[in-house]
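A.B. asks: The structure's right below; bear with me while I get my questions together.
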Amino acid sequence: MQAFISYVDDDGESTYFANWLNDALKRPGSPAKPWFAPNQLIPVNSYEKRLPRAVNSCDLLLFVRAEHTPDSNACMEELRLARQFGKPIITLRLESGYEHNPVVDHLPSVDFTKGHEQGLQDLFERIRTLKTPEGRIAQLEEKLRLVRDGFRRLNPVDLAASKKEEAALLDRLKELHAQAQVDSDALDLAPAAHAIPWSEVLTDGQEETENVLREVHEGRTPIVLIVGPEGVGKTRLVKSVIDQASTGSGAHRPLTEYRQVYGPQSFTAHDLTELLKGAVDEPLSTAATQLERLDVAIARKVEILMELLRDKRIVVVLDSCEVLLDADTGKLVSSDLDDALEVIARQRQTVVKLLMVTREHPFARPRRWLTRTLIWSFDKGMPLADFKKLLASLDPHDAYGLLTPRDELVETLYERTGGRPRAAEVVHGILASPRNPESEHSALDSLEDVVRTLTGATPDETLDFLTCHLIEGLALDVRRVLQAVSAFGIPVDVDAVAFMLPGEGVKQVQQSLRHLQASHLVRRTTEDLYYVQPPDDTRALQSIQPSADDEWDQRSLLLRAASYFALRRRTEGEVKRLSDLTAEFTEIDLLLQGGEFETAFRAIESVDDYLDNWGCRWLLRRQREQICGLLRDEMHELVNLLALGDIALREDDLAVAESCYRQAFSYLEVCNRVDYRQKLDVALGAVLQRRDEMAKAEDYYRKALAIAREHGVVEAEIVPLANLADCHRHWGQLDEAVRCLEGAAELARGQVTSAPGRDTRRRLAEIMLRLGSRYAEVGDFDRAETVLEEAGAHATEIDSWVTQCQYLDAMANLKLWQYQTRQAREIGKRGLELALELGRVPLQRQVYTTVAICSLIENDVDEAVEHIRLAARGRLPGHALTTLALNAVLEHRRGFPWSAQRLFRQLRLEAAERSRQDQRDFGALDMEGFARCGEHLGGIAPRLDAAIDVLHRARRVTRAPGITRQMVQLLTLFNDARLQPAIAAVVGD
């Protein structure tokens, strides 16, 4: 096997590594021989002409992932050719923290960041697996992903060709998966005791069931997608699988759970955690607090529950998952469920297996769970023999001619329906249902009539036609019961259906429901709730024919269903958790479907009060987006846009937040509400502040403050005053920042006295935290500690983990400034535990960085490296520069000069860009000087003059004692006496 080495010839880290790799691949025992351009491609000027032949002649491509590799046209061309020729590609990661590149960073990779020799052994092992079924599966899955990624860009003709290619790849994948399961040498399977003997649980003709059941018991892929068209038998397949899995014997028999999905919010991440809770044997007392709190991230809750499951295994089947997807983007509507699936996909030992049954293939966000998913496509129905057996089982007494029909009739029906079991059920329903004399469709009284009607139809057309024919053929009162159940969109009891039909008695409704069950249109849960499976619910509602003498139309039906849930809202004192708002969420969705946007807005606002307290307003983002621009009241439009902007700002979606706020401004001309103008000024200022556009942010905060003072609204001064303090601090005006925060704190204390609620106390605590940090920066450490302790007390009393975490981080930084490193480290680790429980990435980055400084001061380099690696994930350019600075110092201290110099250069460029945009940004100036110090130690800059000059410029902006002390601490982390002149420049000597 020959390996093509693709790298950037930068005379630096990448070139050094490529030369080392070329030599390493020549060692005895190497599974591949190198193809290295400097040796093989002579003369060099023939490179472009000979490159395609060179890539094609090799067996795989080793892509050396350095910082600027994706910027290299040559490297990206080599990558393109390898993919074109179907060559396996392995990325060799030299460092972490690179800017994400979607073309490169999803590829299979080997980690060389922890040492070249260890990485080399991992690479050898990866190369050896390429010829195994597992290796070939990985290659085919990559090719399948590329084919599917192109679907949305193709015209119908090319799309059809790509679909054929997809089908061929799926067939080949199926063969390889079967081979991989049998070949125990190719895969590191679980012990044999974990598996059920297949001969005991399988019957003839169940190949699909066998494959899925095998994956349930032995497979290492946590998430399995089962994709196929309507009626092909996906539900029947997975129900058969979980029945057989749950009837096995032995300690390793998995728990099984089946959930039918009905709408975008019918199965959420919260439902998943509740389901996993039920599978945990041991008491939840140790983890009960984390699991109950709404401010703990859902991903963390899933991690906790998987740890509590220990050696148990649970298989969860989600049916009809297509309704969880956004109709336009194909992504999951719930970002929380997205996060939960990411955690499940990362399991090292599979304790939770998720089978997602869907008609539509989902498209993931910028996440990796879908790339780790096993996808099985089922586009063919049952075998003919099984199809015959199914027809016979539906008609055991031969009342409708299905027990022993003529072979040619069954074969024709099988051909025209594609052998789909759902089609067999619908045919039975048509023949078994009493005929509606008012139906416009011709009668289908026998199997011959059905087969004759289906001439020339495709399987998809056949199933749609037959189902619509069945619905249209129902008696009017029975059809209305079907439509009533469909309108709810979730399982409901008999009383709910009867509520929709005032003229019908409960017994009559029950009789109609039994008839609809026998016709295979309505299904019943184990809790005696009734539902219509998608897409039959849509067909049922579309079959409504409005009449002049009653109000039985689709809109009226949806609104009646909404009123049913409105009557079941809980009182304010009864609402303790999200599950207590189920009726409200369902009511809102029904009102939106019925076009009652104003009523839906009022319902959203009432629910929003609870969600705001719990920190999860984003749960109604989709519903707010649906009513945007459709409200008759301009004031309602303004309020809705302001809420959407706040939600986007919380999620760091600054472009969307600004757009919403500016649209809201346009309604002020009509509404003329001064209080909302003030709120919008604060909101836009916050967007601009996040972008480091401090001068513009200051203008908006000053406008908001002026409005509040002009109209005597004291409490409205608090937020703009506190945010103005941030602007002053950014420019080194620490005294002015302290004055603003002292004013805001005084107003906030007054508000707590007059209205001592959780929100007012949380606001006071947050202001006190900022004030304490500013006191520390101006060198008043005693007052800083007093104020921070007060903030911590408020945070504990209101039980706000976010505020407690911020308090612990602020206190750890204070102890660092006071040279109490051990105490700072202990406090910081307590804060880190809370940050990890909360799952908020910006907060985690902040605390990780603080703890890393403590570790580095105490010479615990290994812990510091791990913390900074985690802190640097997802860092945006120009932000969290201290994190980037520590990453560079650690590489310098660990003896990796190339990666250290790359990071110092990156820090210098990002800091210089920030200071170029705002010359008063002392933080950026300090970080630029820090980077130049690192480059000096690495030999890039022979003299310290440039670094000293930048540090002097920073001191001209501010000489605050705490800021100075912090900068000196950072420079001493280099542990190098050559930086004494730079330290003197910071101190001012």
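In the structure tokens, chains take the letters A, B, ... in the order shown, each chain's residues start at 1, and ligands count up from 1 in the order shown.
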Going by DSSP on the backbone, which residues of stretch 492-587 of chain A come out as alpha helix (DSSP H)? List them as JSON, numbers by chain.
C.D. replies: {"A": [494, 495, 496, 497, 498, 499, 500, 506, 507, 508, 509, 510, 511, 512, 513, 514, 515, 516, 517, 518, 536, 537, 538, 539, 540, 541, 542, 554, 555, 556, 557, 558, 559, 560, 561, 562, 563, 564, 565, 566, 582, 583, 584, 585, 586, 587]}
A.B. asks: Neighbours of A:Leu668 within 12 Å (only C-alpha atoms; same-chain residues fewer than 2 positions away dropped), as a list in words?
C.D. replies: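 Residues near the query, excluding close chain neighbours: Glu634, Met635, His636, Glu637, Leu638, Val639, Leu641, Leu642, Tyr661, Arg662, Gln663, Ala664, Phe665, Ser666, Val670, Cys671, Asn672, Arg673, Val674, Asp675, Tyr676, Arg677, Gln678, Lys679, Leu680 and Asp681 of chain A.
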A.B. asks: Export N, CA and C atoms of the chosen residues as a PDB file, in the first residue's frame?
C.D. replies:
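The result, stored in selection.pdb:
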ATOM      1  N   GLU A 634     -49.770  46.641  15.967  1.00  0.00           N
ATOM      2  CA  GLU A 634     -48.355  47.001  15.795  1.00  0.00           C
ATOM      3  C   GLU A 634     -47.577  46.857  17.091  1.00  0.00           C
ATOM      4  N   MET A 635     -48.236  47.119  18.222  1.00  0.00           N
ATOM      5  CA  MET A 635     -47.544  46.988  19.500  1.00  0.00           C
ATOM      6  C   MET A 635     -47.174  45.531  19.759  1.00  0.00           C
ATOM      7  N   HIS A 636     -48.047  44.627  19.375  1.00  0.00           N
ATOM      8  CA  HIS A 636     -47.741  43.202  19.536  1.00  0.00           C
ATOM      9  C   HIS A 636     -46.574  42.788  18.648  1.00  0.00           C
ATOM     10  N   GLU A 637     -46.529  43.337  17.436  1.00  0.00           N
ATOM     11  CA  GLU A 637     -45.400  43.048  16.548  1.00  0.00           C
ATOM     12  C   GLU A 637     -44.092  43.517  17.176  1.00  0.00           C
ATOM     13  N   LEU A 638     -44.120  44.709  17.764  1.00  0.00           N
ATOM     14  CA  LEU A 638     -42.915  45.260  18.383  1.00  0.00           C
ATOM     15  C   LEU A 638     -42.450  44.358  19.531  1.00  0.00           C
ATOM     16  N   VAL A 639     -43.395  43.973  20.405  1.00  0.00           N
ATOM     17  CA  VAL A 639     -43.048  43.130  21.561  1.00  0.00           C
ATOM     18  C   VAL A 639     -42.497  41.784  21.095  1.00  0.00           C
ATOM     19  N   LEU A 641     -41.004  41.063  18.205  1.00  0.00           N
ATOM     20  CA  LEU A 641     -39.677  41.243  17.617  1.00  0.00           C
ATOM     21  C   LEU A 641     -38.614  41.468  18.697  1.00  0.00           C
ATOM     22  N   LEU A 642     -38.968  42.211  19.727  1.00  0.00           N
ATOM     23  CA  LEU A 642     -38.028  42.434  20.824  1.00  0.00           C
ATOM     24  C   LEU A 642     -37.688  41.112  21.508  1.00  0.00           C
ATOM     25  N   TYR A 661     -34.237  43.745  16.288  1.00  0.00           N
ATOM     26  CA  TYR A 661     -34.326  45.016  17.015  1.00  0.00           C
ATOM     27  C   TYR A 661     -34.597  46.176  16.050  1.00  0.00           C
ATOM     28  N   ARG A 662     -33.938  46.171  14.917  1.00  0.00           N
ATOM     29  CA  ARG A 662     -34.132  47.288  13.980  1.00  0.00           C
ATOM     30  C   ARG A 662     -35.529  47.244  13.357  1.00  0.00           C
ATOM     31  N   GLN A 663     -36.047  46.026  13.119  1.00  0.00           N
ATOM     32  CA  GLN A 663     -37.431  45.941  12.652  1.00  0.00           C
ATOM     33  C   GLN A 663     -38.385  46.467  13.715  1.00  0.00           C
ATOM     34  N   ALA A 664     -38.105  46.153  14.972  1.00  0.00           N
ATOM     35  CA  ALA A 664     -38.953  46.632  16.064  1.00  0.00           C
ATOM     36  C   ALA A 664     -38.938  48.158  16.130  1.00  0.00           C
ATOM     37  N   PHE A 665     -37.783  48.760  15.846  1.00  0.00           N
ATOM     38  CA  PHE A 665     -37.683  50.222  15.847  1.00  0.00           C
ATOM     39  C   PHE A 665     -38.679  50.849  14.864  1.00  0.00           C
ATOM     40  N   SER A 666     -38.902  50.171  13.741  1.00  0.00           N
ATOM     41  CA  SER A 666     -39.797  50.732  12.721  1.00  0.00           C
ATOM     42  C   SER A 666     -41.235  50.863  13.228  1.00  0.00           C
ATOM     43  N   VAL A 670     -45.295  54.222  14.898  1.00  0.00           N
ATOM     44  CA  VAL A 670     -46.747  54.081  15.054  1.00  0.00           C
ATOM     45  C   VAL A 670     -47.128  54.017  16.526  1.00  0.00           C
ATOM     46  N   CYS A 671     -46.351  53.234  17.294  1.00  0.00           N
ATOM     47  CA  CYS A 671     -46.706  52.984  18.697  1.00  0.00           C
ATOM     48  C   CYS A 671     -46.358  54.146  19.618  1.00  0.00           C
ATOM     49  N   ASN A 672     -45.212  54.809  19.315  1.00  0.00           N
ATOM     50  CA  ASN A 672     -44.767  55.953  20.118  1.00  0.00           C
ATOM     51  C   ASN A 672     -44.689  55.606  21.607  1.00  0.00           C
ATOM     52  N   ARG A 673     -44.036  54.477  21.905  1.00  0.00           N
ATOM     53  CA  ARG A 673     -43.861  54.041  23.299  1.00  0.00           C
ATOM     54  C   ARG A 673     -42.434  54.328  23.737  1.00  0.00           C
ATOM     55  N   VAL A 674     -42.284  55.277  24.631  1.00  0.00           N
ATOM     56  CA  VAL A 674     -40.960  55.689  25.088  1.00  0.00           C
ATOM     57  C   VAL A 674     -40.259  54.559  25.840  1.00  0.00           C
ATOM     58  N   ASP A 675     -41.020  53.781  26.630  1.00  0.00           N
ATOM     59  CA  ASP A 675     -40.404  52.714  27.410  1.00  0.00           C
ATOM     60  C   ASP A 675     -39.778  51.654  26.504  1.00  0.00           C
ATOM     61  N   TYR A 676     -40.444  51.375  25.366  1.00  0.00           N
ATOM     62  CA  TYR A 676     -39.880  50.375  24.450  1.00  0.00           C
ATOM     63  C   TYR A 676     -38.735  50.954  23.622  1.00  0.00           C
ATOM     64  N   ARG A 677     -38.774  52.253  23.368  1.00  0.00           N
ATOM     65  CA  ARG A 677     -37.621  52.872  22.706  1.00  0.00           C
ATOM     66  C   ARG A 677     -36.387  52.721  23.597  1.00  0.00           C
ATOM     67  N   GLN A 678     -36.569  52.915  24.886  1.00  0.00           N
ATOM     68  CA  GLN A 678     -35.458  52.780  25.821  1.00  0.00           C
ATOM     69  C   GLN A 678     -34.936  51.344  25.856  1.00  0.00           C
ATOM     70  N   LYS A 679     -35.846  50.375  25.857  1.00  0.00           N
ATOM     71  CA  LYS A 679     -35.445  48.963  25.860  1.00  0.00           C
ATOM     72  C   LYS A 679     -34.686  48.608  24.590  1.00  0.00           C
ATOM     73  N   LEU A 680     -35.141  49.121  23.451  1.00  0.00           N
ATOM     74  CA  LEU A 680     -34.483  48.815  22.182  1.00  0.00           C
ATOM     75  C   LEU A 680     -33.109  49.467  22.100  1.00  0.00           C
ATOM     76  N   ASP A 681     -32.970  50.675  22.674  1.00  0.00           N
ATOM     77  CA  ASP A 681     -31.644  51.307  22.716  1.00  0.00           C
ATOM     78  C   ASP A 681     -30.665  50.434  23.500  1.00  0.00           C
TER      79      ASP A 681
END
A.B. asks: Can you list, as a list in words, every residue of stretch 399-536 of chain A that DSSP puts in strand (DSSP E)?
C.D. replies: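 Filtering stretch 399-536 of chain A to strand (DSSP E) leaves Arg523, Arg524, Tyr530 and Tyr531 of chain A.
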A.B. asks: Find the residue from A:Glu766, A:Asp460, A:Asp926, A:Asp945 that sits nearest to A:Leu970; use only C-alpha atoms when measuring.
C.D. replies: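 Residue with the minimum atom-to-atom distance to A:Leu970: A:Asp926.
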A.B. asks: Just want the 8 Å neighbourhood of A:Ala423, counted on only C-alpha atoms, with same-chain residues fewer than 3 positions away dropped. Output as a list in words.
C.D. replies: Gly231, Thr417, Gly419, Arg420, Val426, Val427, Thr462, Leu463 and Leu466 of chain A
A.B. asks: Export C-alpha atoms of the chosen residues as a PDB file, in the first residue's frame?
C.D. replies:
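Saved result, again-v3.pdb, follows:
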ATOM      1  CA  GLY A 231     -46.019   2.374   4.435  1.00  0.00           C
ATOM      2  CA  THR A 417     -48.156  -1.427  -3.988  1.00  0.00           C
ATOM      3  CA  GLY A 419     -45.251  -4.938  -1.235  1.00  0.00           C
ATOM      4  CA  ARG A 420     -45.845  -2.281   1.426  1.00  0.00           C
ATOM      5  CA  VAL A 426     -55.612  -0.067   3.881  1.00  0.00           C
ATOM      6  CA  VAL A 427     -57.002  -2.580   1.345  1.00  0.00           C
ATOM      7  CA  THR A 462     -51.145   3.753  -4.786  1.00  0.00           C
ATOM      8  CA  LEU A 463     -50.893   4.196  -1.035  1.00  0.00           C
ATOM      9  CA  LEU A 466     -56.093   3.908  -1.276  1.00  0.00           C
TER      10      LEU A 466
END
A.B. asks: Counting only C-alpha atoms, what is within 7 Å of stretch 288-302 of chain A, bar same-chain residues fewer than 6 positions away, as a PyMOL selection string?
C.D. replies: chain A and resi 269+273+336+339-340+343+614-615+837-839
A.B. asks: Within 8 Å of stretch 882-888 of chain A, counting only C-alpha atoms, which residues qualify if same-chain residues fewer than 6 places away don't, as a PyMOL selection string?
C.D. replies: chain A and resi 845+849+853+865+868-869+871-872+899-901+903-904+907+927+930-931
A.B. asks: With stretch 723-734 of chain A as the partner and 8 Å as the cut-off, tabulate the residues of stretch 770-884 of chain A that qualify, each row holding the nearest pair of atoms and their distance in Å to one decimal, using only C-alpha atoms, sorted by chain and rising number, as a Markdown table.
C.D. replies:
| residue | atom | partner | partner_atom | distance |
| --- | --- | --- | --- | --- |
| A:Arg774 | CA | A:Leu734 | CA | 6.8 |
| A:Glu777 | CA | A:Leu734 | CA | 7.7 |
| A:Val778 | CA | A:Leu734 | CA | 6.8 |
A.B. asks: Just want the 6 Å neighbourhood of A:Tyr530, counted on only C-alpha atoms, with same-chain residues fewer than 5 positions away dropped. Output as a PyMOL selection string.
C.D. replies: chain A and resi 491-492+523-524
A.B. asks: Where does stretch 685-722 of chain A meet stretch 913-917 of chain A within 12 Å, residue by residue, with the nearest atom pair and distance in Å to one decimal for each, counting only C-alpha atoms, listed by chain and rising number, as JSON lines?
C.D. replies:
{"residue": "A:Arg691", "atom": "CA", "partner": "A:Arg914", "partner_atom": "CA", "distance": 10.5}
{"residue": "A:Asp692", "atom": "CA", "partner": "A:Arg914", "partner_atom": "CA", "distance": 8.3}
{"residue": "A:Glu693", "atom": "CA", "partner": "A:Gln917", "partner_atom": "CA", "distance": 8.6}
{"residue": "A:Met694", "atom": "CA", "partner": "A:Gln917", "partner_atom": "CA", "distance": 10.2}
{"residue": "A:Ala695", "atom": "CA", "partner": "A:Gln917", "partner_atom": "CA", "distance": 10.7}
A.B. asks: Using the selection just defined, write its residues with N, CA and C atoms as a tab-separated table (two decimals), in the first residue's frame.
C.D. replies:
chain	number	residue	atom	x	y	z
A	691	ARG	N	-19.96	42.94	19.65
A	691	ARG	CA	-19.11	43.04	18.46
A	691	ARG	C	-17.88	43.91	18.71
A	692	ASP	N	-17.70	44.36	19.92
A	692	ASP	CA	-16.59	45.24	20.29
A	692	ASP	C	-16.68	46.60	19.61
A	693	GLU	N	-17.87	47.01	19.22
A	693	GLU	CA	-18.08	48.36	18.67
A	693	GLU	C	-18.53	49.25	19.83
A	694	MET	N	-17.58	49.56	20.71
A	694	MET	CA	-17.91	50.19	21.98
A	694	MET	C	-18.42	51.62	21.83
A	695	ALA	N	-17.87	52.36	20.89
A	695	ALA	CA	-18.30	53.76	20.73
A	695	ALA	C	-19.78	53.82	20.35
A.B. asks: Provide the atom CA of A:Gly263 to atom CA of A:Asp553 distance in Å, to one decimal place.
C.D. replies: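 Distance reported for this atom pair: 21.2 Å.
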A.B. asks: Please list as a list in words every residue within 10 Å of A:Cys628, counting only C-alpha atoms and excluding residues in the same chain fewer than 2 positions away.
C.D. replies: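 Within the cut-off, the hits are Phe597, Phe601, Gln623, Arg624, Glu625, Gln626, Leu630, Leu631, His636, Glu637, Leu638, Asn640, Leu641, Leu644 and Cys660 of chain A.
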A.B. asks: How would the residues just picked look written out with N, CA and C atoms as an mmCIF file, in the first residue's frame?
C.D. replies:
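Written file, result16.cif:
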data_model
loop_
_atom_site.group_PDB
_atom_site.id
_atom_site.type_symbol
_atom_site.label_atom_id
_atom_site.label_comp_id
_atom_site.auth_asym_id
_atom_site.auth_seq_id
_atom_site.Cartn_x
_atom_site.Cartn_y
_atom_site.Cartn_z
ATOM 1 N N PHE A 597 -53.574 34.303 15.021
ATOM 2 C CA PHE A 597 -52.241 34.743 15.414
ATOM 3 C C PHE A 597 -52.254 35.676 16.626
ATOM 4 N N PHE A 601 -50.412 34.924 20.070
ATOM 5 C CA PHE A 601 -49.442 35.839 20.666
ATOM 6 C C PHE A 601 -49.715 36.017 22.156
ATOM 7 N N GLN A 623 -42.424 29.422 17.373
ATOM 8 C CA GLN A 623 -43.784 29.956 17.335
ATOM 9 C C GLN A 623 -43.773 31.470 17.148
ATOM 10 N N ARG A 624 -42.816 32.140 17.783
ATOM 11 C CA ARG A 624 -42.732 33.596 17.604
ATOM 12 C C ARG A 624 -42.371 33.944 16.156
ATOM 13 N N GLU A 625 -41.494 33.155 15.564
ATOM 14 C CA GLU A 625 -41.137 33.404 14.161
ATOM 15 C C GLU A 625 -42.343 33.204 13.247
ATOM 16 N N GLN A 626 -43.227 32.265 13.592
ATOM 17 C CA GLN A 626 -44.396 32.005 12.759
ATOM 18 C C GLN A 626 -45.370 33.184 12.748
ATOM 19 N N LEU A 630 -47.520 38.915 11.038
ATOM 20 C CA LEU A 630 -48.915 38.509 10.816
ATOM 21 C C LEU A 630 -49.858 39.060 11.874
ATOM 22 N N LEU A 631 -49.340 39.861 12.805
ATOM 23 C CA LEU A 631 -50.161 40.402 13.877
ATOM 24 C C LEU A 631 -50.785 41.722 13.447
ATOM 25 N N HIS A 636 -48.047 44.627 19.375
ATOM 26 C CA HIS A 636 -47.741 43.202 19.536
ATOM 27 C C HIS A 636 -46.574 42.788 18.648
ATOM 28 N N GLU A 637 -46.529 43.337 17.436
ATOM 29 C CA GLU A 637 -45.400 43.048 16.548
ATOM 30 C C GLU A 637 -44.092 43.517 17.176
ATOM 31 N N LEU A 638 -44.120 44.709 17.764
ATOM 32 C CA LEU A 638 -42.915 45.260 18.383
ATOM 33 C C LEU A 638 -42.450 44.358 19.531
ATOM 34 N N ASN A 640 -43.112 41.223 20.065
ATOM 35 C CA ASN A 640 -42.674 39.916 19.558
ATOM 36 C C ASN A 640 -41.272 40.008 18.964
ATOM 37 N N LEU A 641 -41.004 41.063 18.205
ATOM 38 C CA LEU A 641 -39.677 41.243 17.617
ATOM 39 C C LEU A 641 -38.614 41.468 18.697
ATOM 40 N N LEU A 644 -37.855 38.091 20.127
ATOM 41 C CA LEU A 644 -37.033 37.300 19.203
ATOM 42 C C LEU A 644 -35.592 37.775 19.199
ATOM 43 N N CYS A 660 -33.855 41.886 14.196
ATOM 44 C CA CYS A 660 -35.126 41.944 14.936
ATOM 45 C C CYS A 660 -35.291 43.285 15.644
#
